[in-house]
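Chemist: Here it is, the structure, as structure tokens.
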Amino acid sequence: MRKALPPVLGCLLVAVPALVSRLLGVQLAPQLGLLVFGAGVVAASFVLAWAAESAEADISGGLAIAILAVIAVLPEYAVDLYFAYTAGHNPEYVQYAAANMTGSNRLLLGLGWSAVVVVSLIVASRRAGKPVSAIVLDSRYRLELGFLLVASLLALIVPLTGRIHLVFGLMMLGLFVYYLVRVSGGDDDETEELVGPAARIAALPARTRRPVVIAMFVGAAVAILLCAEPFAESLIGSGEALGVDRFLLVQWLAPLASEAPEFIVALIFAIRGRAGMAIGMLISAKVNQWTLLVGSLPVAYLLGGGDSAMVLDARQVEEIVLTAAQTLMGVAILLTLRFRLWAALALFGLFAVQFAIPGTQGRLLLSAVYLAVAAVLFVVHRRQLWPTLSAPFRRRPVEAPAAPQRDLVDVEL
């Protein structure tokens with residue numbers, strides 16, 4: 001107990017200034033509010049992540065997985081859903097909802113996937129005493145890739161129509177629910193390894209662990225919900241005060257804060273040599289974002305007073321095209337269930353280039369590059385394409401023909 005609680009209490013203490021300011025109605029300057037409420041979101045996100053992982057010691061089954069999945073993504077979505085809800089009665093906020101959604105998706109794939117692969121291959125090479133050229137994923141991840149491919153193809157409806165319609169949102173939410181059903185009904189009985197505070201909390205006696213986990217859930221969720229609005233407004237206010245593009249600030253800073261715990265846990269797995277588990281966790285997170293987050297936006301918009309569709313301007317459409325193109329490239333890279341070093345570097349390089357060539361031409365050029373690479377890989381690995389695309393709709397997904405090894409080394413040593 002003494003080892004388990006200090007990290008949790010430390011995070012809650014970090015969130016105290018944000019909670020006190022919020023409850024007392026204290027108005028902070030935008031830059032100070034960004035620091036205070038941003039720290040509150042990050043700290044509460046860590047607590048929520050540890051609680052969700054620790055709860056696996058007591059809860060199992062499809063319903064529990066669905067509940068934990070929704071709770072675990074709360075930090076990432078609270079800010080974006082606030083923007084979408086506010087956009088229902090203030091159209092200016094539509095751009096911020098689109099910015100946060102596209103930023104979180106591209107950050108996860110362009111930075112998260114790449115960093116985990118590079119760290120994993122470095123660790124594996126040192127352990128093997130020779131260069132390791134790729135991460136080899138378990139075949140069960142073809143199901144997640146199938147859902148990600150289906151969601152990416154459906155997402156192309158948005159730029160074609162120039163809006164995120166409620167019907168489209170409900171369709172994506174339905175796909176997310178179906179994803180949870182399929183994942184919870186899998187035959188894989190492997191228990192996920194816990195690390196850090198989550199492992200120590202899960203090791204507590206049941207009569208102690210359960211109330212601790214419940215208190216962590218409640219406390220973290222309340223903190224995130226209280227901090228979401230002032231953090232979002234502080235982002236916009238800071239952009240105005242500092243002369244920084246508010247769209248870019250919302251697009252990158254908010255997702256970086258909310259996804260920090262997920263990134264860190266994945267990197268810990270990578271450092272410990274659990275590369276497959278690390279990248280698999282981020283693939284699942286990408287499925288959640290590309291279905292649950294996107295699908296929730298028009299619902300929040302409607303509840304906020306908007307009509308049945310969020311109408312997007314040219315820049316927002318371009319951002320969604322770029323995000324969908326990047327996702328298709330990510331899926332194409334993993335069709336063989338092998339994540340090579342060159343692919344990780346390519347994803348990171350293209351992610352970084354977008355900051356050097358902003359504007360419409362830059363976004364369209366990068367989208368074309370992503371799509372061109374994806375098309376080439378789809379052709380090269382066409383034998384794996386149909387088994388991946390059909391995996392979500394088969395009780396037992398068809399296994400794709402094995403790809404040539406070419407001196408690949410499984411890093412799960």
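Residue names in the structure tokens use chain letters A, B, ... in the order shown, residue numbers from 1 in each chain, and ligand numbers from 1 in the order shown.
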Within 9 Å of segment 380-382 of chain A, counting only C-alpha atoms, which residues show up once you throw out same-chain ones fewer than 2 positions away? Write them as a PyMOL selection string, please.

Modeler: chain A and resi 332+335-336+375-378+384-386+403

Chemist: Output all heavy atoms for every residue in that selection, as a short mmCIF file (atom, residue, chain, number, x, y, z; two decimals), in the first residue's frame.

Modeler:
data_model
loop_
_atom_site.label_atom_id
_atom_site.label_comp_id
_atom_site.auth_asym_id
_atom_site.auth_seq_id
_atom_site.Cartn_x
_atom_site.Cartn_y
_atom_site.Cartn_z
N ALA A 332 -1.33 0.18 -44.29
CA ALA A 332 -0.60 -0.48 -45.37
C ALA A 332 0.75 -1.00 -44.90
O ALA A 332 1.19 -2.08 -45.29
CB ALA A 332 -0.42 0.49 -46.54
N LEU A 335 0.27 -4.41 -42.96
CA LEU A 335 -0.46 -5.52 -43.57
C LEU A 335 0.23 -6.85 -43.33
O LEU A 335 -0.42 -7.89 -43.19
CB LEU A 335 -0.63 -5.29 -45.07
CG LEU A 335 -1.74 -4.32 -45.50
CD1 LEU A 335 -1.75 -4.17 -47.02
CD2 LEU A 335 -3.10 -4.78 -45.00
N THR A 336 1.55 -6.87 -43.31
CA THR A 336 2.30 -8.11 -43.09
C THR A 336 2.51 -8.40 -41.61
O THR A 336 3.20 -9.37 -41.27
CB THR A 336 3.66 -8.05 -43.80
OG1 THR A 336 4.42 -6.97 -43.24
CG2 THR A 336 3.50 -7.85 -45.30
N ALA A 375 -0.74 3.23 -51.48
CA ALA A 375 -1.15 2.51 -52.69
C ALA A 375 -0.09 1.50 -53.11
O ALA A 375 -0.40 0.35 -53.46
CB ALA A 375 -1.42 3.50 -53.82
N VAL A 376 1.17 1.92 -53.08
CA VAL A 376 2.26 1.01 -53.45
C VAL A 376 2.29 -0.20 -52.51
O VAL A 376 2.42 -1.35 -52.96
CB VAL A 376 3.61 1.75 -53.43
CG1 VAL A 376 4.76 0.76 -53.57
CG2 VAL A 376 3.67 2.79 -54.54
N LEU A 377 2.17 0.06 -51.21
CA LEU A 377 2.23 -1.03 -50.24
C LEU A 377 1.01 -1.95 -50.36
O LEU A 377 1.12 -3.16 -50.18
CB LEU A 377 2.33 -0.47 -48.82
CG LEU A 377 3.66 0.24 -48.49
CD1 LEU A 377 3.60 0.86 -47.10
CD2 LEU A 377 4.83 -0.74 -48.57
N PHE A 378 -0.16 -1.36 -50.64
CA PHE A 378 -1.34 -2.20 -50.85
C PHE A 378 -1.16 -3.14 -52.04
O PHE A 378 -1.59 -4.29 -52.02
CB PHE A 378 -2.58 -1.33 -51.06
CG PHE A 378 -3.16 -0.75 -49.79
CD1 PHE A 378 -3.63 0.55 -49.76
CD2 PHE A 378 -3.23 -1.51 -48.63
CE1 PHE A 378 -4.15 1.09 -48.60
CE2 PHE A 378 -3.76 -0.98 -47.46
CZ PHE A 378 -4.22 0.32 -47.44
N GLN A 384 -2.29 -9.85 -48.50
CA GLN A 384 -2.71 -9.63 -47.11
C GLN A 384 -3.87 -8.64 -47.01
O GLN A 384 -4.43 -8.45 -45.92
CB GLN A 384 -1.53 -9.09 -46.27
CG GLN A 384 -0.48 -10.12 -45.91
CD GLN A 384 0.53 -10.31 -47.03
OE1 GLN A 384 0.72 -9.41 -47.85
NE2 GLN A 384 1.18 -11.46 -47.08
N LEU A 385 -4.22 -7.99 -48.11
CA LEU A 385 -5.22 -6.92 -48.06
C LEU A 385 -6.62 -7.45 -47.75
O LEU A 385 -7.29 -6.96 -46.84
CB LEU A 385 -5.22 -6.15 -49.38
CG LEU A 385 -6.18 -4.96 -49.47
CD1 LEU A 385 -5.92 -3.97 -48.35
CD2 LEU A 385 -6.05 -4.28 -50.83
N TRP A 386 -7.09 -8.45 -48.50
CA TRP A 386 -8.43 -8.96 -48.27
C TRP A 386 -8.60 -9.61 -46.90
O TRP A 386 -9.60 -9.34 -46.21
CB TRP A 386 -8.83 -9.93 -49.38
CG TRP A 386 -10.16 -10.59 -49.10
CD1 TRP A 386 -10.40 -11.90 -48.82
CD2 TRP A 386 -11.43 -9.93 -49.02
NE1 TRP A 386 -11.73 -12.12 -48.60
CE2 TRP A 386 -12.39 -10.92 -48.71
CE3 TRP A 386 -11.84 -8.61 -49.20
CZ2 TRP A 386 -13.74 -10.62 -48.57
CZ3 TRP A 386 -13.19 -8.32 -49.05
CH2 TRP A 386 -14.12 -9.31 -48.74
N ALA A 403 4.40 -13.45 -45.32
CA ALA A 403 5.30 -12.64 -46.12
C ALA A 403 6.72 -13.18 -46.00
O ALA A 403 7.07 -13.82 -45.00
CB ALA A 403 5.27 -11.19 -45.64
#

Chemist: Residues at most 10 Å from segment 232-244 of chain A, counting only C-alpha atoms, excluding those fewer than 4 positions away in the same chain, as a list in words?

Modeler: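 Selected residues are Leu28, Ala29, Pro30, Gln31, Leu32, Gly33, Leu34, Leu35, Val36, Phe37, Gly38, Ala78, Val79, Asp80, Tyr82, Phe83, Tyr96, Cys227, Ala228, Leu248, Leu249, Val250, Gln251, Leu253 and Ala254 of chain A.
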
Chemist: Env of segment 45-59 of chain A: 7 Å cut, atoms = only C-alpha atoms, seq-sep filter 5 positions within chain, self excluded. Answer as a ChimeraX atom specification.

Modeler: /A:8,11,64,68,72,75,197-199,201-202,213,216-217,220,258,261

Chemist: Emit the selected residues as a PDB file, in the first residue's frame, including N, CA and C atoms.

Modeler:
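Everything below was put into again-v2.pdb:
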ATOM      1  N   VAL A   8      -0.040   8.076  -7.003  1.00  0.00           N
ATOM      2  CA  VAL A   8      -1.421   8.527  -7.191  1.00  0.00           C
ATOM      3  C   VAL A   8      -1.660   9.826  -6.433  1.00  0.00           C
ATOM      4  N   CYS A  11       0.053  12.781  -8.111  1.00  0.00           N
ATOM      5  CA  CYS A  11      -0.691  13.302  -9.260  1.00  0.00           C
ATOM      6  C   CYS A  11      -1.900  14.112  -8.819  1.00  0.00           C
ATOM      7  N   ALA A  64     -17.526  -5.209 -19.288  1.00  0.00           N
ATOM      8  CA  ALA A  64     -16.464  -4.550 -18.536  1.00  0.00           C
ATOM      9  C   ALA A  64     -15.452  -3.919 -19.476  1.00  0.00           C
ATOM     10  N   LEU A  68     -14.505   0.016 -19.476  1.00  0.00           N
ATOM     11  CA  LEU A  68     -13.126   0.458 -19.272  1.00  0.00           C
ATOM     12  C   LEU A  68     -12.602   1.209 -20.488  1.00  0.00           C
ATOM     13  N   ALA A  72     -11.216   4.933 -20.242  1.00  0.00           N
ATOM     14  CA  ALA A  72      -9.804   5.155 -20.526  1.00  0.00           C
ATOM     15  C   ALA A  72      -9.577   6.274 -21.537  1.00  0.00           C
ATOM     16  N   PRO A  75      -9.807  11.286 -21.012  1.00  0.00           N
ATOM     17  CA  PRO A  75      -8.912  12.449 -21.087  1.00  0.00           C
ATOM     18  C   PRO A  75      -8.724  12.958 -22.503  1.00  0.00           C
ATOM     19  N   PRO A 197       2.840   1.956 -11.138  1.00  0.00           N
ATOM     20  CA  PRO A 197       1.803   2.033 -10.106  1.00  0.00           C
ATOM     21  C   PRO A 197       0.634   1.100 -10.344  1.00  0.00           C
ATOM     22  N   ALA A 198       0.240   0.887 -11.608  1.00  0.00           N
ATOM     23  CA  ALA A 198      -0.882  -0.014 -11.891  1.00  0.00           C
ATOM     24  C   ALA A 198      -0.592  -1.417 -11.405  1.00  0.00           C
ATOM     25  N   ALA A 199       0.642  -1.880 -11.591  1.00  0.00           N
ATOM     26  CA  ALA A 199       1.023  -3.220 -11.140  1.00  0.00           C
ATOM     27  C   ALA A 199       0.986  -3.306  -9.622  1.00  0.00           C
ATOM     28  N   ILE A 201      -0.819  -1.435  -7.557  1.00  0.00           N
ATOM     29  CA  ILE A 201      -2.210  -1.352  -7.096  1.00  0.00           C
ATOM     30  C   ILE A 201      -2.932  -2.673  -7.332  1.00  0.00           C
ATOM     31  N   ALA A 202      -2.698  -3.288  -8.490  1.00  0.00           N
ATOM     32  CA  ALA A 202      -3.344  -4.570  -8.794  1.00  0.00           C
ATOM     33  C   ALA A 202      -2.901  -5.661  -7.836  1.00  0.00           C
ATOM     34  N   VAL A 213      -9.307   1.663  -6.355  1.00  0.00           N
ATOM     35  CA  VAL A 213      -9.509   1.837  -7.797  1.00  0.00           C
ATOM     36  C   VAL A 213     -10.763   2.668  -8.071  1.00  0.00           C
ATOM     37  N   MET A 216     -10.015   6.222  -7.377  1.00  0.00           N
ATOM     38  CA  MET A 216      -9.175   6.779  -8.445  1.00  0.00           C
ATOM     39  C   MET A 216     -10.014   7.112  -9.668  1.00  0.00           C
ATOM     40  N   PHE A 217     -10.911   6.203 -10.043  1.00  0.00           N
ATOM     41  CA  PHE A 217     -11.794   6.459 -11.174  1.00  0.00           C
ATOM     42  C   PHE A 217     -12.599   7.745 -10.960  1.00  0.00           C
ATOM     43  N   ALA A 220     -10.325  11.030 -10.646  1.00  0.00           N
ATOM     44  CA  ALA A 220      -9.715  11.434 -11.914  1.00  0.00           C
ATOM     45  C   ALA A 220     -10.761  11.922 -12.911  1.00  0.00           C
ATOM     46  N   SER A 258      -3.105  15.174 -23.091  1.00  0.00           N
ATOM     47  CA  SER A 258      -4.030  14.115 -22.701  1.00  0.00           C
ATOM     48  C   SER A 258      -3.504  12.722 -23.028  1.00  0.00           C
ATOM     49  N   PRO A 261       0.103   9.954 -20.786  1.00  0.00           N
ATOM     50  CA  PRO A 261       0.161   8.683 -20.042  1.00  0.00           C
ATOM     51  C   PRO A 261       0.217   7.463 -20.965  1.00  0.00           C
TER      52      PRO A 261
END

Chemist: Assign secondary structure with DSSP using the backbone only, and return the residues of segment 171-344 of chain A in helix (DSSP H, G or I) as a PyMOL selection string.

Modeler: chain A and resi 171-184+196-202+206-242+246-271+275-303+314-333+341-344

Chemist: Closest to Gly306 of chain A among A:Ile283, A:Ala84, A:Ala374, A:Val132, using only C-alpha atoms?

Modeler: A:Ala84

Chemist: Near Pro392 of chain A, counting only C-alpha atoms, which residues have an atom at most 10 Å away, once you skip same-chain residues fewer than 2 positions from it, shown as a ChimeraX atom specification?

Modeler: /A:142-150,175,178-179,182-183,387-390,394-397
